[in-house]
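K.L.:
There's a structure below that I have some questions on.
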Amino acid sequence: MAKQMTMLKAWRSRCSLIAILAVLYCATTDRANAQIVVLGSYNNTSSGAVQLNPGALANYASTVVPLINPCTTQSGYKGSGCVWPVNSKQWPDPQFSFTVAAPYNTTTYTVEWQMVVKYTDDGKYANSVTVGSTTLPGNQTFSPTFNAQAYGGSAEVQAYVTNARCTFKATGKLTFYIWGSNQDPTIQLKPTVAQYSTSTFGTSIWFLTYLLAQESGGLQFKTKNGHPVWGSPDGIGVSQVDRKVSASYFTVEDPYWNFEVNVKDGLLVLNSKRQNTSAVCSTTTGDVTTACTGTAYNFWDREVYQACSSTTGGSKTPMRSGGIGTEYCNVNIPTPTYPAGSPSIALHCSAAMTWNTSSPLGHWQDFDWIQLYNGAPCGYFLAWSTSSRSWVFKTGACVKGTKTFPNYIVAVCNHTPAY
Amino acid sequence: MHQRFLFIAVAAFSLLRAAPVQQAADAREVFFVAATPAQFDEPKSYPATLYAKGQGTRLRVVQSLFGQSRQFSSIADDLHGTIYLAGPDGVYVVHEDNPSLEDFVPITNFDNSTCWGAVMVNEVHSALQYCSDKVYRVQGTATAGTPRVAEGDWTAFKALQFGGENGGPFQMTPPLAEIANNQLVMPDAADPKASLAELPAAMASKPEARRLVRIVASNDRYLAIWVPPASMVGQTVDAGNPEHAEPLKINVLNRATREWKTMEVATTVTSITEVPVRIFGDWIATVEMKWKPGAPGTGSGSPGMQNERTVPEDSPQPDIRDRYYNRFLDVYIPGRLVLKNLADGRTVVMDIGQQDCEVLAVRSDGTMLYRVNDAVFSTVIDGEHASVGTLLVKDSEVPDIHWAFWGPANKH
């Protein structure tokens with residue numbers, strides 16, 4: 001027994017020595033040659049697979065930039081025809097695929113893959129997405145998908161290669177950028193807005209093409225570099241959904257990279273600013289005596305109520321002909337008249353410069369709604385002043401901090417349509 | 001002609017010299033109401049808080065009245081020791097003889113669009129009245145067996161108490177009246193419910209003309225009104241190019257003599273601003289303003305804008321500087337406080353040199369509190385002279401302070 005134990009110890013000692021030597025061998029051989037080359041490609045349907053590392057260089061910072069969503073251009077990934085996303089409802093996954101170059105592309109090696117994409121917007125909000133991570137034999141392709149959600153920015157793909165004979169690992173990297181290319185205004189943006197306008201409001205909204213144009217020029221990405229369009233204080237993309245104010249829309253990165261999601265979110269924000277349908281805000285007196293004025297049509301009802309009551313004094317009888325936004329008075333009251341000499345808003349908005357107490361959409365009420373989408377930093381565009389017994393139009397510039405912004409309504413009503 | 005004493009005191013200098021903290025001679029604690037009335041054209045509202053002087057020159061919270069989400073709307077001071085702050089869900093009553101007393105009266109139908117104000121019922125009982133579907137009254141103090149909220153009385157507005165327009169750029173809509181022949185009436189000339197005063201023949205107007213009157217101030221001794229020119233009533237207003245009235249001529253009734261006098265006030269009113277006048281006993285106080293068109297974002301060259309608070313858009317605090325830029329468009333505000341004594345004719349002028357300044361309180365013994373940006377000073381009017389005040393408080397919430405009062409005498 002003692003002899004057996006002695007032999008066992010000797011054997012162990014010998015094995016340990018062999019293992020140490022093997023490791024040293026690995027360290028001195030593999031490490032010396034540990035130039036892990038990560039190869040990558042993405043699918044561009046107009047020209048097939050595009051190589052990200054055509055020179056097969058180690059730790060390569062690729063100059064190839066996948067562009068998300070072009071439709072009419074041929075410079076990047078193209079969706080399923082130019083009708084995307086209305087039909088497919090899929091973010092155009094660039095279908096990235098990565099491999100390690102020889103000699104590590106065999107089953108002798110195991111590769112731990114990870115793809116991380118980071119983006120910090122102009123408002124300094126930092127985003128980081130792990131697109132995928134997995135461990136595969138060296139001869140297999142890493143094809144990360146991120147639940148069909150959109151991502152972009154600075155991408156880093158890491159490959160940790162392990163030689164099966166030992167525990168040593170070598171690392172290779174491939175870095176590149178993913179930016180965006182804008183949707184086609186007619187083929188993509190227009191039907192997308194129409195689709196979500198119908199699903200959100202039940203009808204088309206007449207001013208959306210001007211509002212989106214004013215917000216972003218109808219663009220999801222900056223034309224000069226493909227970065228998401230950003231506007232102060234922290235508006236993102238085609239509808240300038242504000243990350244700071246509407247943080248709930250940014251639990252995923254889609255509003256940055258997927259114009260369809262951005263449009264959808266923007267219209268939801270717009271809808272939230274139209275009216276408060278809570279019970280207390282759905283009555284004439286409720287709008288006046290409670291906190292309902294944070295939404296445009298409720299604010300309008302209060303203004304008409306006050307115009308009615310301050311014009312008729314004790315004999316006021318404001319009432320509604322329909323839902324929120326349809327307040328009227330039982331006697332004639334002054335109706336808004338756009339002040340002569342003020343900047344014109346007639347180019348696109350003349351039809352809405354009308355008094356209508358049965359349907360708010362398409363009439364004066366909408367100007368306050370449009371204004372509120374911009375946050376009304378200098379107040380509503382049209383309000384009733386009790387102390388001067390008149391309608392007040394806010395036609396001037398709005399000063400915020402050190403900046404002077406042009407009048408929002410004037411800008412919207414004069415902007416070239418987005419589509 | 002009254003001798004005028006002009007005291008040059010640039011506020012920045014006042015702040016920098018770190019004046020010693022004054023102890024009130026009678027040791028009565030000073031309280032401050034920081035509240036920003038809701039604006040007729042804005043979706044936002046702001047908090048309202050009652051403060052006292054804390055450690056050093058900092059403020060100390062006595063009561064948090066309205067948080068931002070509770071939509072504080074309007075404030076009314078009965079000028080007899082009770083202040084009412086109203087919002088959609090109720091009224092906070094601040095008792096100047098017991099400021100720490102929490103007194104909230106729930107209401108559900110507050111409306112300041114037609115009538116609203118503090119009144120002294122039978123010259124004894126303080127109350128708040130407002131109109132909704134009818135006139136309501138909130139009693140200033142609870143009385144056993146009497147509901148705190150009940151139907152009000154139009155005629156009580158004859159004893160309307162209104163201390164005038166708060167300073168700062170967030171003004172509130174004042175009480176309004178109309179002229180029916182030779183009567184100043186509420187709510188309107190076509191169907192008058194209450195007469196506030198008899199007007200001189202020169203001011204008379206036929207009821208059908210519905211001549212609008214803004215109440216400038218109203219206390220036990222005086223009633224001050226402003227009749228806006230026809231060009232500033234019932235006309236569409238272009239806020240980017242407002243009309244203005246200057247010099248401002250107000251009409252003041254001496255209730256004791258029943259005499260009306262026309263008084264020129266060194267300030268201006270535009271079609272989007274209110275009359276910047278307040279009353280403290282016999283003193284009429286104003287912040288001097290001049291019509292001076294200027295490019296947006298210049299404040300028409302008013303001094304001290306760089307010292308005014310400016311905040312991000314999502315801040316619960318009001319943005320003082322932006323509001324001056326946008327509301328007081330084409331108005332130059334040199335930072336000069338002008339007080340006139342209606343009883344003896346004295347005039348006191350204080351050159352502060354900072355746009356955001358206002359008189360907060362003047363006591364019968366001449367003690368005066370005034371605010372300059374984020375600091376409140378105390379001084380004493382001596383004849384026609386008021387020296388540079390001593391610093392009472394300086395804090396980030398001070399720009400929201402527009403009312404101040406002395407609490408009960410310190411028992412110690």
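Ordered as shown in the structure tokens, chains take letters A, B, and onward, while each chain numbers its residues from 1 and ligands are numbered from 1 in the order shown.
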I'd like a table as JSON lines: residues in chain A with an atom no more than 7 Å from chain B, each row giving the shortest atom pair and its distance in Å to one decimal, only C-alpha atoms counted, sorted by chain and rising residue number.

P.N.:
{"residue": "A:Val288", "atom": "CA", "partner": "B:Asp111", "partner_atom": "CA", "distance": 6.4}
{"residue": "A:Thr289", "atom": "CA", "partner": "B:Phe110", "partner_atom": "CA", "distance": 5.1}
{"residue": "A:Thr290", "atom": "CA", "partner": "B:Pro88", "partner_atom": "CA", "distance": 4.6}
{"residue": "A:Ala291", "atom": "CA", "partner": "B:Gln71", "partner_atom": "CA", "distance": 6.1}
{"residue": "A:Thr293", "atom": "CA", "partner": "B:Pro43", "partner_atom": "CA", "distance": 5.6}
{"residue": "A:Gly294", "atom": "CA", "partner": "B:Pro43", "partner_atom": "CA", "distance": 4.6}
{"residue": "A:Gln306", "atom": "CA", "partner": "B:Ser113", "partner_atom": "CA", "distance": 5.9}
{"residue": "A:Ser309", "atom": "CA", "partner": "B:Thr114", "partner_atom": "CA", "distance": 6.4}
{"residue": "A:Ser310", "atom": "CA", "partner": "B:Thr114", "partner_atom": "CA", "distance": 5.9}
{"residue": "A:Gly313", "atom": "CA", "partner": "B:Asp188", "partner_atom": "CA", "distance": 5.2}
{"residue": "A:Gly314", "atom": "CA", "partner": "B:Pro187", "partner_atom": "CA", "distance": 6.3}
{"residue": "A:Thr337", "atom": "CA", "partner": "B:Thr236", "partner_atom": "CA", "distance": 6.5}
{"residue": "A:Pro339", "atom": "CA", "partner": "B:Asp238", "partner_atom": "CA", "distance": 6.0}
{"residue": "A:Gly379", "atom": "CA", "partner": "B:Glu42", "partner_atom": "CA", "distance": 4.4}
{"residue": "A:Tyr380", "atom": "CA", "partner": "B:Asp41", "partner_atom": "CA", "distance": 5.5}
{"residue": "A:Ala383", "atom": "CA", "partner": "B:Asp41", "partner_atom": "CA", "distance": 5.5}
{"residue": "A:Ser385", "atom": "CA", "partner": "B:Phe40", "partner_atom": "CA", "distance": 6.7}
{"residue": "A:Ser387", "atom": "CA", "partner": "B:Thr173", "partner_atom": "CA", "distance": 6.3}
{"residue": "A:Ser388", "atom": "CA", "partner": "B:Val233", "partner_atom": "CA", "distance": 4.8}
{"residue": "A:Arg389", "atom": "CA", "partner": "B:Gly234", "partner_atom": "CA", "distance": 5.1}
{"residue": "A:Ser390", "atom": "CA", "partner": "B:Gly234", "partner_atom": "CA", "distance": 4.7}
{"residue": "A:Trp391", "atom": "CA", "partner": "B:Thr236", "partner_atom": "CA", "distance": 5.3}
{"residue": "A:Val392", "atom": "CA", "partner": "B:Val237", "partner_atom": "CA", "distance": 4.6}
{"residue": "A:Phe393", "atom": "CA", "partner": "B:Asp238", "partner_atom": "CA", "distance": 5.1}
{"residue": "A:Lys394", "atom": "CA", "partner": "B:Ala239", "partner_atom": "CA", "distance": 4.9}
{"residue": "A:Thr395", "atom": "CA", "partner": "B:Gly240", "partner_atom": "CA", "distance": 5.2}
{"residue": "A:Gly396", "atom": "CA", "partner": "B:Gly240", "partner_atom": "CA", "distance": 4.0}
{"residue": "A:Ala397", "atom": "CA", "partner": "B:Pro296", "partner_atom": "CA", "distance": 6.7}
{"residue": "A:Cys398", "atom": "CA", "partner": "B:Asn326", "partner_atom": "CA", "distance": 6.5}
{"residue": "A:Val399", "atom": "CA", "partner": "B:Gly297", "partner_atom": "CA", "distance": 5.7}
{"residue": "A:Lys400", "atom": "CA", "partner": "B:Asp322", "partner_atom": "CA", "distance": 5.8}
{"residue": "A:Gly401", "atom": "CA", "partner": "B:Asp322", "partner_atom": "CA", "distance": 6.4}
{"residue": "A:Thr404", "atom": "CA", "partner": "B:Gly297", "partner_atom": "CA", "distance": 6.3}

K.L.:
For stretch 123-129 of chain B, please output as number ranges by chain all residues within 9 Å (counting only C-alpha atoms; exclusion window: fewer than 2 positions along the same chain).

P.N.:
B: 76, 78, 80-82, 84, 115-121, 131, 135-141, 151-154, 156-157, 159, 220

K.L.:
Would you save the residues from that selection as a PDB file, in the first residue's frame, using C-alpha atoms?

P.N.:
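Result file selection.pdb:
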ATOM      1  CA  ALA B  76     -55.557  86.520  -1.875  1.00  0.00           C
ATOM      2  CA  ASP B  78     -57.247  90.118   3.204  1.00  0.00           C
ATOM      3  CA  HIS B  80     -56.040  91.991   8.035  1.00  0.00           C
ATOM      4  CA  GLY B  81     -53.928  89.002   8.927  1.00  0.00           C
ATOM      5  CA  THR B  82     -55.249  86.202   6.751  1.00  0.00           C
ATOM      6  CA  TYR B  84     -55.635  82.473   1.211  1.00  0.00           C
ATOM      7  CA  CYS B 115     -64.630  86.710  -9.500  1.00  0.00           C
ATOM      8  CA  TRP B 116     -62.230  85.931  -6.750  1.00  0.00           C
ATOM      9  CA  GLY B 117     -60.867  87.743  -3.763  1.00  0.00           C
ATOM     10  CA  ALA B 118     -60.598  88.201  -0.027  1.00  0.00           C
ATOM     11  CA  VAL B 119     -63.375  90.137   1.672  1.00  0.00           C
ATOM     12  CA  MET B 120     -64.094  91.417   5.140  1.00  0.00           C
ATOM     13  CA  VAL B 121     -67.663  90.391   5.892  1.00  0.00           C
ATOM     14  CA  CYS B 131     -67.519  82.319  -8.284  1.00  0.00           C
ATOM     15  CA  VAL B 135     -70.703  82.653  -5.375  1.00  0.00           C
ATOM     16  CA  TYR B 136     -68.975  80.606  -2.714  1.00  0.00           C
ATOM     17  CA  ARG B 137     -67.405  81.724   0.518  1.00  0.00           C
ATOM     18  CA  VAL B 138     -64.626  80.116   2.525  1.00  0.00           C
ATOM     19  CA  GLN B 139     -64.563  81.386   6.087  1.00  0.00           C
ATOM     20  CA  GLY B 140     -61.163  82.541   7.248  1.00  0.00           C
ATOM     21  CA  THR B 141     -61.578  80.880  10.612  1.00  0.00           C
ATOM     22  CA  GLU B 151     -72.782  80.184  -0.431  1.00  0.00           C
ATOM     23  CA  GLY B 152     -71.294  83.657  -0.583  1.00  0.00           C
ATOM     24  CA  ASP B 153     -72.695  87.054  -1.200  1.00  0.00           C
ATOM     25  CA  TRP B 154     -71.972  89.285  -4.163  1.00  0.00           C
ATOM     26  CA  ALA B 156     -69.456  91.294   0.139  1.00  0.00           C
ATOM     27  CA  PHE B 157     -67.164  92.285  -2.706  1.00  0.00           C
ATOM     28  CA  ALA B 159     -65.391  95.147   1.056  1.00  0.00           C
ATOM     29  CA  ASP B 220     -60.098  99.806   4.110  1.00  0.00           C
TER      30      ASP B 220
END

K.L.:
Would you list, as a PyMOL selection string, the residues of stretch 265-330 of chain A that end up in alpha helix (DSSP H) under DSSP run on this structure's backbone?

P.N.:
chain A and resi 265-272+284-289+296-312

K.L.:
Can you tell me, as a list in words, what residues are no more than 7 Å from stretch 396-402 of chain B when counting only C-alpha atoms, ignoring any on the same chain fewer than 2 positions away?

P.N.:
Phe32, Val33, Ala34, Ala35, Thr36, Asn166, Gly167, Leu360, Asn373, Asp374, Ala375, Lys394 and Ala404 of chain B

K.L.:
Can those selected residues be exported to a file as a short mmCIF file (atom, residue, chain, number, x, y, z; two decimals), in the first residue's frame so that it contains C-alpha atoms?

P.N.:
data_model
loop_
_atom_site.label_atom_id
_atom_site.label_comp_id
_atom_site.auth_asym_id
_atom_site.auth_seq_id
_atom_site.Cartn_x
_atom_site.Cartn_y
_atom_site.Cartn_z
CA PHE B 32 -42.51 84.93 3.73
CA VAL B 33 -44.97 83.43 1.27
CA ALA B 34 -43.21 82.01 -1.76
CA ALA B 35 -45.85 81.35 -4.37
CA THR B 36 -46.11 81.79 -8.11
CA ASN B 166 -47.28 90.73 -6.85
CA GLY B 167 -43.83 91.54 -8.08
CA LEU B 360 -42.95 93.15 -0.02
CA ASN B 373 -33.43 88.86 -6.80
CA ASP B 374 -32.74 86.16 -4.19
CA ALA B 375 -32.43 88.40 -1.15
CA LYS B 394 -30.80 85.21 0.91
CA ALA B 404 -44.23 88.95 3.71
#

K.L.:
Quick one: residues within 7 Å of B:Val105, only C-alpha atoms counted, chain neighbours fewer than 2 positions away excluded, as a ChimeraX atom specification?

P.N.:
/B:90-92,103,107

K.L.:
Next, write the just-selected residues to a file, as a PDB file, in the first residue's frame, keeping C-alpha atoms as the atom set.

P.N.:
ATOM      1  CA  GLY B  90     -58.762  73.386  -1.714  1.00  0.00           C
ATOM      2  CA  VAL B  91     -57.621  76.514   0.039  1.00  0.00           C
ATOM      3  CA  TYR B  92     -54.769  76.899   2.473  1.00  0.00           C
ATOM      4  CA  ASP B 103     -55.428  75.087   7.993  1.00  0.00           C
ATOM      5  CA  ILE B 107     -63.105  72.587  -2.034  1.00  0.00           C
TER       6      ILE B 107
END

K.L.:
As number ranges by chain, please: every residue in stretch 100-280 of chain B that DSSP puts in strand (DSSP E or B).

P.N.:
B: 104-106, 116-121, 125-131, 135-139, 149-151, 160-162, 164, 176-181, 183-186, 194-198, 205, 211-218, 222-226, 237-238, 244-245, 248-254, 259-265, 269-270, 277-280

K.L.:
As a count of residues only, please: the residues near A:Lys190 (cut-off 12 Å, only C-alpha atoms, same-chain neighbours under 5 positions excluded).

P.N.:
23

K.L.:
For stretch 250-255 of chain A, list every protein, DNA or RNA residue within 8 Å, evaluated using only C-alpha atoms, and leave out those in the same chain fewer than 5 positions away; present the list as a list in words.

P.N.:
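Answer for this query is Asn127, Gln149, Ala150, Tyr151, Ile236, Gly237, Val241, Arg243, Val261, Asn262 and Asp265 of chain A.
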
K.L.:
Output N, CA and C atoms for every residue in that selection, as a CSV table (one decimal), in the first residue's frame.

P.N.:
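Final output, saved to selection_28.csv:
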chain,number,residue,atom,x,y,z
A,127,ASN,N,-25.6,54.8,-23.9
A,127,ASN,CA,-26.3,53.6,-24.1
A,127,ASN,C,-25.3,52.5,-24.4
A,149,GLN,N,-34.5,44.0,-32.1
A,149,GLN,CA,-34.5,45.4,-31.7
A,149,GLN,C,-33.3,46.1,-32.4
A,150,ALA,N,-33.5,47.4,-32.5
A,150,ALA,CA,-32.5,48.2,-33.2
A,150,ALA,C,-31.3,48.6,-32.3
A,151,TYR,N,-30.2,48.8,-32.9
A,151,TYR,CA,-29.0,49.3,-32.2
A,151,TYR,C,-28.1,50.0,-33.2
A,236,ILE,N,-34.9,63.1,-29.9
A,236,ILE,CA,-34.3,62.0,-30.7
A,236,ILE,C,-35.1,61.7,-31.9
A,237,GLY,N,-34.4,61.7,-33.1
A,237,GLY,CA,-34.9,61.1,-34.3
A,237,GLY,C,-36.0,61.9,-35.0
A,241,VAL,N,-38.6,62.6,-30.1
A,241,VAL,CA,-39.1,62.1,-28.8
A,241,VAL,C,-38.0,62.5,-27.8
A,243,ARG,N,-35.9,62.2,-24.7
A,243,ARG,CA,-35.5,61.2,-23.8
A,243,ARG,C,-35.7,61.5,-22.3
A,261,VAL,N,-40.4,53.0,-35.0
A,261,VAL,CA,-40.6,53.1,-33.5
A,261,VAL,C,-40.6,54.5,-33.1
A,262,ASN,N,-39.7,55.3,-33.7
A,262,ASN,CA,-39.7,56.7,-33.3
A,262,ASN,C,-41.0,57.4,-33.7
A,265,ASP,N,-43.7,56.3,-31.3
A,265,ASP,CA,-43.5,56.9,-29.9
A,265,ASP,C,-43.9,58.4,-30.0

K.L.:
Do you know which residues are at most 7 Å from stretch 376-383 of chain B counting only C-alpha atoms, after dropping those on the same chain fewer than 6 positions away, and could you put them as number ranges by chain?

P.N.:
B: 366-370, 389-394
